[in-house]
Amino acid sequence: MKRRSWLALTLPWVTTIAIIAVQEILARTGVLPSLIPPFTETIAVGWQMLPTPEFLLGLAQVLEQFAVGLVIGIVVGVVLGILLGAVPLVNQLVRYVLEFLRFTPAIVYIPILVLLLGARPQLSIVLAALGSVWPILYQTYYGVVGVPQILKDTGRVFGLTRAQQLRSIVIPTVSPFLATGIRIAASHALVVVVAVQIIASVEGLGRDIETYAANGVFPRMYALILVVGIIGFLLNWLLETLERRQLHWHTSYREKQA
Amino acid sequence: MLTVEHLQKTYNVGGKPLEVLRDISFTVDEGEFVTVVGPSGAGKTTLLRCMAGLLPRSGGTVMLTRTGKVVDAPPPEIACVFQDYSRSLMPWYKVGRNVGLPLRNTISDKAERQRAVDDALRSVGLEGFADSYPWQLSGGMQQRVAIARAIAYRPEFLIMDEPFASVDAQTRADLEDLILRVRQIAGVTVVLVTHDIDEAVYLADRVVVVSGRPTVVMDVIDIDLPRPRSQVTTKGLPRFGELRTQVATLISRASAEPAARA
Amino acid sequence: MTTTTSIVTAAGRKRWSSGARGVAISLIVPVVILVAWWFASEGSTSPFFPPLRTILSTFAETWLSDRVLSDIVPSLVRMIAGFAIAAVVGVVLGALLGRLRLAASALNPILQFGRALPATALIPVAIVLFGIGDTPKIVLIAFVSCFPILLNTIDGVRNIDPVLEDVMGSFRLTRLQRFRWVQLHAASPQVIAGMRVALSLAFVVMVATEMLGSTNGVGYVTLLAQQGFQIPLMWSGLILLGLLGLIVNGLFVLVERGLLRWYTQGQED
């Protein structure tokens, strides 16, 4: 039994290393086109870039635009979600507008916003917020609407104040939905920020990737893409863990919604 | 005939062994209706799954006496009806398709299969429902579909795991009578597990009373009540009350002394 | 206060939120917005916000003519082709890996990395490797859209209800039968959820690739218009993209509802 779980733990990493090794061999022996470098070469280039101020600045810019945009999106999304959930009339009024806008990717707004805001970090932040607000809004809405009537009744019967109801009934019910929403929103925000940096040349790693690509400095381009991938991976892993913790308490709700 | 001999099952829970079945032995004769009843947590479901070949045993044998075949995997002679009917039917198929699905392996002729399905549905009183979806039916009706599916399979043995536990009392009474009728028509041998003592006595030719975990057979009681059984008259007989008390006494003894038997 | 508000709201909700009346109420705000936009922008001299009238006429001129063939169709074809490839590969591979537990867990880190990597970061690579034609777009869309479908399929195929496992076992269904009759259907809600995610991802990547390196397409025309300061054309492109997003998603929801009728109906119990 112990042997089996040891194998289960190490197998993924062994396989990953094996696949990388295959890529390495294929690249070095010329099977892959020269435009695709061996993995170790990308790592080496990346390693050299890590301590440079240009890289660190680009990294900081990506993270900052991402974080600020995401936070704005979360705040707006939660407020609107609660509003829509708690006041059905508001939902009824704006639902068509929201349904139309939610399927428009944030990057569609790049042309007009570039004219208004210029190719500055604000552009990235606004679009990241636009991209991340939708999952948050709808998840919050589902959460608020989904508070079972029986819980609300219980709260009233036991004479809980509005604040107590909010804290012990509404918020715990909404939080797993919100956790899911934040995970989805974060991935959208990162995609948008990188896209805006690439397309509109806003400062950050995205713009650097595009610059290296346009100038044929491919090793650095690959290295930065790897870095961005790692950022996305770590982010997703972190948020998924948080989400699972939230859902752990609410598996009964999960089964209902599933 | 089905023979269970010194059946034993130990689970491995987080590295520690959990003995659920210690020593179960009983036989089921052809055409009999045997019910298995015991306190909660007695591993009755484990027992059934081992008998049906769905769970590997840790010790002992389950044997089809006529052929001498040991049950290690689900044999074609056995069909099962589970407690959770809503999850045992396939919601993406209509009722008719659900009932006929296992028959794709046993009856190759399409027309004959259709006839078998129609017969089965008729015998459980669901004629005309072949084109409905399971979720369109009530709980009791869904369980009847599951029974029809098992019957259409033409098994020798029908193994049922607390099949009427999830329905209301009135529906339960209807289904109990249904299974007695179906058994008569189809001529199957039935092993039914339940926690309901009244049900166990009402349905059975013999009641196997098992203890709590680690489970052993406490006693096998012959039910000498007249057939056909009736919800009102049979349950009103003094003999019913005696048998019922006999079983209940055994069970309360079983629940009261788990530590002593460990 | 809470009590009365809730009761009023619940009853009130019933009255004005349902049926034709509900639709009418929901139309108020969109209509108001359009009308306000029309009149507010009527005499506009602002370079960035031309009159709505101009935008709409440009829309009709541009998109309801030969541009349909030269730009709208290529955009949609690229997106759908990429998505279709991703769907087939994702479902087939996912079904396979869903059964081969060890293989799925072995490949898991790579699959998770592929899903978490921001798709747009790969656009420059695609252009470097394949140029600016259709190929890089379709390849990239297919690659990126594959992951949500693949991962969801693995998940769906794996998590079959244990009661159904018992049913399949007790009736001695063959491997193929188990797959065709049970696993495929049981996994389909998950698979289709993954396809939903993949579809919106495909749309994003389609627009992004057209904005970065393309010779045709709705996204290309829109960005080009902005760079060439043809503002009404730009706006018309924006509106078209919004409409396309809505239509594509709407169609998907229709298909989803048709395929998953048994699921949604069953859940309503």
# chains A, B, ... in the order shown; residues from 1 in each chain; ligands from 1
>>> interface_residues(of="chain B", to="chain A", cutoff="12 Å", atoms="only C-alpha atoms", output="PyMOL selection string")
chain B and resi 12-16
>>> residues_around(residues="Ala84 of chain C", least_positions_apart="2", cutoff="12 Å", atoms="only C-alpha atoms", output="list in words")
Leu76, Val77, Arg78, Met79, Ile80, Ala81, Gly82, Ala86, Ala87, Val88, Val89, Gly90, Val91, Ile138, Val139, Ile141, Ala142, Phe143, Ser145, Cys146, Ile149, Met195, Ala198, Leu199 and Ala202 of chain C
>>> select_by_dssp(residues="segment 31-110 of chain A", states="helix (DSSP H, G or I)", output="PyMOL selection string")
chain A and resi 39-49+53-86+88-102+106-110
>>> closest_residue(among="C:Val205, C:Leu224, C:Leu246, C:Ala186", to="chain A", atoms="only C-alpha atoms")
C:Leu246
>>> select_by_dssp(residues="segment 41-137 of chain B", states="strand (DSSP E)", output="PyMOL selection string")
chain B and resi 59-64+69-70+78-81
>>> interface_residues(of="chain B", to="chain C", cutoff="9 Å", atoms="only C-alpha atoms", output="MDAnalysis selection string")
chainID B and resid 49 52:54 73:76 78:82 84 87:93 101:103 105 133:136 150 153
>>> closest_residue(among="C:Pro74, C:Gly228, C:Pro51, C:Gly22", to="chain A", atoms="only C-alpha atoms")
C:Gly22
>>> residues_around(residues="Met63 of chain B", least_positions_apart="5", cutoff="6 Å", atoms="only C-alpha atoms", output="VMD selection string")
chain B and resid 2 to 3 69 to 71
>>> write_last_selection(atoms="N, CA and C atoms", output="PDB file, in the first residue's frame")
ATOM      1  N   LEU B   2     -28.823 -21.247  -3.486  1.00  0.00           N
ATOM      2  CA  LEU B   2     -27.644 -20.407  -3.247  1.00  0.00           C
ATOM      3  C   LEU B   2     -27.086 -20.771  -1.873  1.00  0.00           C
ATOM      4  N   THR B   3     -25.795 -21.034  -1.835  1.00  0.00           N
ATOM      5  CA  THR B   3     -25.198 -21.392  -0.545  1.00  0.00           C
ATOM      6  C   THR B   3     -24.162 -20.357  -0.151  1.00  0.00           C
ATOM      7  N   LYS B  69     -21.023 -23.589  -9.125  1.00  0.00           N
ATOM      8  CA  LYS B  69     -20.199 -22.441  -9.533  1.00  0.00           C
ATOM      9  C   LYS B  69     -20.037 -21.471  -8.361  1.00  0.00           C
ATOM     10  N   VAL B  70     -18.807 -21.104  -8.116  1.00  0.00           N
ATOM     11  CA  VAL B  70     -18.538 -20.138  -7.049  1.00  0.00           C
ATOM     12  C   VAL B  70     -18.722 -18.720  -7.607  1.00  0.00           C
ATOM     13  N   VAL B  71     -19.342 -17.876  -6.805  1.00  0.00           N
ATOM     14  CA  VAL B  71     -19.623 -16.517  -7.269  1.00  0.00           C
ATOM     15  C   VAL B  71     -18.439 -15.609  -6.950  1.00  0.00           C
TER      16      VAL B  71
END
>>> closest_atom_pairs(of="chain C", to="chain A", cutoff="7 Å", atoms="only C-alpha atoms", output="CSV")
residue,atom,partner,partner_atom,distance
C:Arg13,CA,A:Pro88,CA,6.9
C:Ser17,CA,A:Gln92,CA,6.8
C:Ile25,CA,A:Leu93,CA,6.2
C:Ser26,CA,A:Leu93,CA,4.6
C:Ile28,CA,A:Leu93,CA,6.9
C:Val29,CA,A:Leu93,CA,6.1
C:Pro30,CA,A:Val97,CA,6.1
C:Ser105,CA,A:Pro12,CA,6.1
C:Ala106,CA,A:Pro12,CA,3.8
C:Leu107,CA,A:Pro12,CA,6.0
C:Asn108,CA,A:Pro12,CA,6.5
C:Pro109,CA,A:Pro12,CA,6.5
C:Ile110,CA,A:Thr16,CA,6.5
C:Phe113,CA,A:Phe233,CA,5.6
C:Ala116,CA,A:Phe233,CA,4.9
C:Leu117,CA,A:Gly229,CA,4.2
C:Pro118,CA,A:Val191,CA,4.9
C:Ala119,CA,A:Val191,CA,6.4
C:Thr120,CA,A:Ala195,CA,5.3
C:Ala121,CA,A:Ile225,CA,6.2
C:Pro124,CA,A:Glu210,CA,6.1
C:Val128,CA,A:Ala213,CA,7.0
C:Leu129,CA,A:Leu35,CA,6.9
C:Val204,CA,A:Pro105,CA,6.0
C:Met211,CA,A:Ile199,CA,6.8
C:Leu212,CA,A:Ile199,CA,5.8
C:Leu223,CA,A:Pro111,CA,5.7
C:Gln226,CA,A:Pro111,CA,5.7
C:Leu238,CA,A:Val108,CA,6.3
C:Gly242,CA,A:Thr104,CA,4.9
C:Gly245,CA,A:Phe103,CA,5.3
C:Leu246,CA,A:Phe103,CA,5.6
>>> residues_around(residues="segment 193-202 of chain B", least_positions_apart="5", cutoff="10 Å", atoms="only C-alpha atoms", output="JSON, numbers by chain")
{"B": [33, 34, 35, 36, 37, 38, 39, 40, 41, 42, 44, 45, 47, 48, 83, 159, 160, 161, 162, 163, 164, 165, 172, 173, 176, 177, 180, 207, 208, 209, 221, 222, 223, 224, 225, 229, 230, 231, 234, 235, 240, 241, 243, 244, 245, 247, 248, 251]}
>>> write_last_selection(atoms="N, CA and C atoms", output="CSV table (one decimal), in the first residue's frame")
chain,number,residue,atom,x,y,z
B,33,PHE,N,-38.3,-17.2,-0.6
B,33,PHE,CA,-38.2,-15.8,-0.4
B,33,PHE,C,-37.5,-15.6,0.9
B,34,VAL,N,-36.2,-15.2,0.9
B,34,VAL,CA,-35.5,-15.1,2.2
B,34,VAL,C,-35.2,-13.6,2.4
B,35,THR,N,-35.5,-13.1,3.6
B,35,THR,CA,-35.2,-11.8,3.9
B,35,THR,C,-34.0,-11.8,5.0
B,36,VAL,N,-33.2,-10.8,4.9
B,36,VAL,CA,-32.1,-10.6,5.8
B,36,VAL,C,-32.3,-9.3,6.6
B,37,VAL,N,-32.4,-9.4,7.9
B,37,VAL,CA,-32.6,-8.2,8.7
B,37,VAL,C,-31.7,-8.1,9.8
B,38,GLY,N,-31.3,-6.9,10.2
B,38,GLY,CA,-30.4,-6.8,11.3
B,38,GLY,C,-30.3,-5.3,11.7
B,39,PRO,N,-29.5,-5.0,12.7
B,39,PRO,CA,-29.4,-3.6,13.2
B,39,PRO,C,-28.7,-2.7,12.2
B,40,SER,N,-28.8,-1.4,12.4
B,40,SER,CA,-28.1,-0.5,11.4
B,40,SER,C,-26.6,-0.7,11.5
B,41,GLY,N,-26.0,-0.6,10.3
B,41,GLY,CA,-24.5,-0.7,10.3
B,41,GLY,C,-24.1,-2.1,10.4
B,42,ALA,N,-25.0,-3.0,10.1
B,42,ALA,CA,-24.7,-4.5,10.2
B,42,ALA,C,-24.0,-5.0,9.0
B,44,LYS,N,-25.2,-5.2,6.0
B,44,LYS,CA,-26.1,-6.0,5.2
B,44,LYS,C,-25.9,-5.7,3.7
B,45,THR,N,-25.6,-4.5,3.4
B,45,THR,CA,-25.2,-4.1,2.0
B,45,THR,C,-24.0,-4.9,1.5
B,47,LEU,N,-22.9,-7.7,2.6
B,47,LEU,CA,-23.3,-9.1,2.4
B,47,LEU,C,-23.9,-9.3,1.1
B,48,LEU,N,-24.8,-8.4,0.7
B,48,LEU,CA,-25.5,-8.5,-0.6
B,48,LEU,C,-24.5,-8.4,-1.7
B,83,GLN,N,-31.1,0.1,-3.6
B,83,GLN,CA,-32.0,1.0,-2.8
B,83,GLN,C,-32.2,2.3,-3.5
B,159,ILE,N,-31.7,-10.4,-6.1
B,159,ILE,CA,-31.0,-9.9,-4.9
B,159,ILE,C,-31.4,-8.4,-4.7
B,160,MET,N,-32.1,-8.1,-3.6
B,160,MET,CA,-32.6,-6.7,-3.4
B,160,MET,C,-32.0,-6.1,-2.1
B,161,ASP,N,-31.4,-4.9,-2.3
B,161,ASP,CA,-30.8,-4.2,-1.2
B,161,ASP,C,-31.7,-3.1,-0.7
B,162,GLU,N,-32.4,-3.3,0.4
B,162,GLU,CA,-33.3,-2.4,1.0
B,162,GLU,C,-34.1,-1.6,-0.1
B,163,PRO,N,-34.8,-2.3,-1.0
B,163,PRO,CA,-35.3,-1.6,-2.1
B,163,PRO,C,-36.5,-0.7,-1.8
B,164,PHE,N,-37.1,-0.9,-0.7
B,164,PHE,CA,-38.3,0.0,-0.4
B,164,PHE,C,-38.0,1.0,0.7
B,165,ALA,N,-36.7,1.2,1.0
B,165,ALA,CA,-36.4,2.0,2.2
B,165,ALA,C,-36.6,3.5,1.8
B,172,ARG,N,-44.5,1.8,-0.1
B,172,ARG,CA,-43.8,0.6,0.4
B,172,ARG,C,-44.7,-0.6,0.4
B,173,ALA,N,-45.9,-0.5,1.0
B,173,ALA,CA,-46.9,-1.6,1.1
B,173,ALA,C,-47.2,-2.1,-0.3
B,176,GLU,N,-44.3,-4.0,-1.7
B,176,GLU,CA,-44.1,-5.3,-1.1
B,176,GLU,C,-45.0,-6.3,-1.8
B,177,ASP,N,-46.3,-5.9,-1.9
B,177,ASP,CA,-47.2,-6.8,-2.6
B,177,ASP,C,-46.8,-7.1,-4.0
B,180,LEU,N,-44.1,-9.7,-4.2
B,180,LEU,CA,-44.7,-11.1,-4.0
B,180,LEU,C,-45.4,-11.6,-5.2
B,207,VAL,N,-36.6,-15.8,7.7
B,207,VAL,CA,-35.9,-14.6,8.0
B,207,VAL,C,-34.5,-14.9,8.6
B,208,VAL,N,-33.5,-14.4,7.9
B,208,VAL,CA,-32.1,-14.5,8.5
B,208,VAL,C,-31.8,-13.3,9.3
B,209,VAL,N,-31.7,-13.5,10.6
B,209,VAL,CA,-31.4,-12.3,11.5
B,209,VAL,C,-29.9,-12.2,11.7
B,221,ILE,N,-35.2,-17.8,11.1
B,221,ILE,CA,-36.5,-18.1,11.6
B,221,ILE,C,-37.4,-18.5,10.5
B,222,ASP,N,-38.1,-19.6,10.6
B,222,ASP,CA,-39.1,-20.0,9.6
B,222,ASP,C,-40.3,-19.2,9.8
B,223,ILE,N,-40.8,-18.7,8.7
B,223,ILE,CA,-42.1,-17.9,8.8
B,223,ILE,C,-43.2,-18.9,8.2
B,224,ASP,N,-44.0,-19.3,9.2
B,224,ASP,CA,-45.1,-20.3,8.8
B,224,ASP,C,-46.4,-19.6,8.6
B,225,LEU,N,-46.4,-18.4,8.1
B,225,LEU,CA,-47.6,-17.7,7.8
B,225,LEU,C,-48.2,-18.1,6.5
B,229,ARG,N,-50.0,-13.7,1.0
B,229,ARG,CA,-50.0,-12.8,2.1
B,229,ARG,C,-50.9,-11.5,1.8
B,230,SER,N,-51.4,-10.9,2.8
B,230,SER,CA,-52.2,-9.7,2.6
B,230,SER,C,-51.8,-8.7,3.7
B,231,GLN,N,-51.6,-7.4,3.3
B,231,GLN,CA,-51.2,-6.4,4.2
B,231,GLN,C,-52.1,-6.3,5.4
B,234,THR,N,-52.9,-10.7,7.0
B,234,THR,CA,-51.7,-11.3,7.5
B,234,THR,C,-51.1,-10.6,8.7
B,235,LYS,N,-51.0,-9.3,8.5
B,235,LYS,CA,-50.4,-8.5,9.6
B,235,LYS,C,-51.3,-8.5,10.8
B,240,PHE,N,-48.3,-13.5,13.3
B,240,PHE,CA,-47.4,-12.4,12.8
B,240,PHE,C,-46.8,-11.7,13.9
B,241,GLY,N,-47.6,-11.3,14.9
B,241,GLY,CA,-47.1,-10.6,16.1
B,241,GLY,C,-46.0,-11.4,16.8
B,243,LEU,N,-44.0,-13.8,15.6
B,243,LEU,CA,-42.8,-13.9,14.8
B,243,LEU,C,-42.1,-12.5,14.8
B,244,ARG,N,-42.9,-11.5,14.7
B,244,ARG,CA,-42.3,-10.2,14.7
B,244,ARG,C,-41.5,-9.9,16.0
B,245,THR,N,-42.1,-10.3,17.1
B,245,THR,CA,-41.5,-10.1,18.4
B,245,THR,C,-40.2,-10.9,18.5
B,247,VAL,N,-38.2,-11.8,16.1
B,247,VAL,CA,-37.2,-11.1,15.3
B,247,VAL,C,-36.7,-9.9,16.0
B,248,ALA,N,-37.7,-9.1,16.5
B,248,ALA,CA,-37.3,-7.8,17.2
B,248,ALA,C,-36.4,-8.1,18.4
B,251,ILE,N,-33.0,-8.8,17.4
B,251,ILE,CA,-32.3,-7.6,16.9
B,251,ILE,C,-31.9,-6.6,18.0
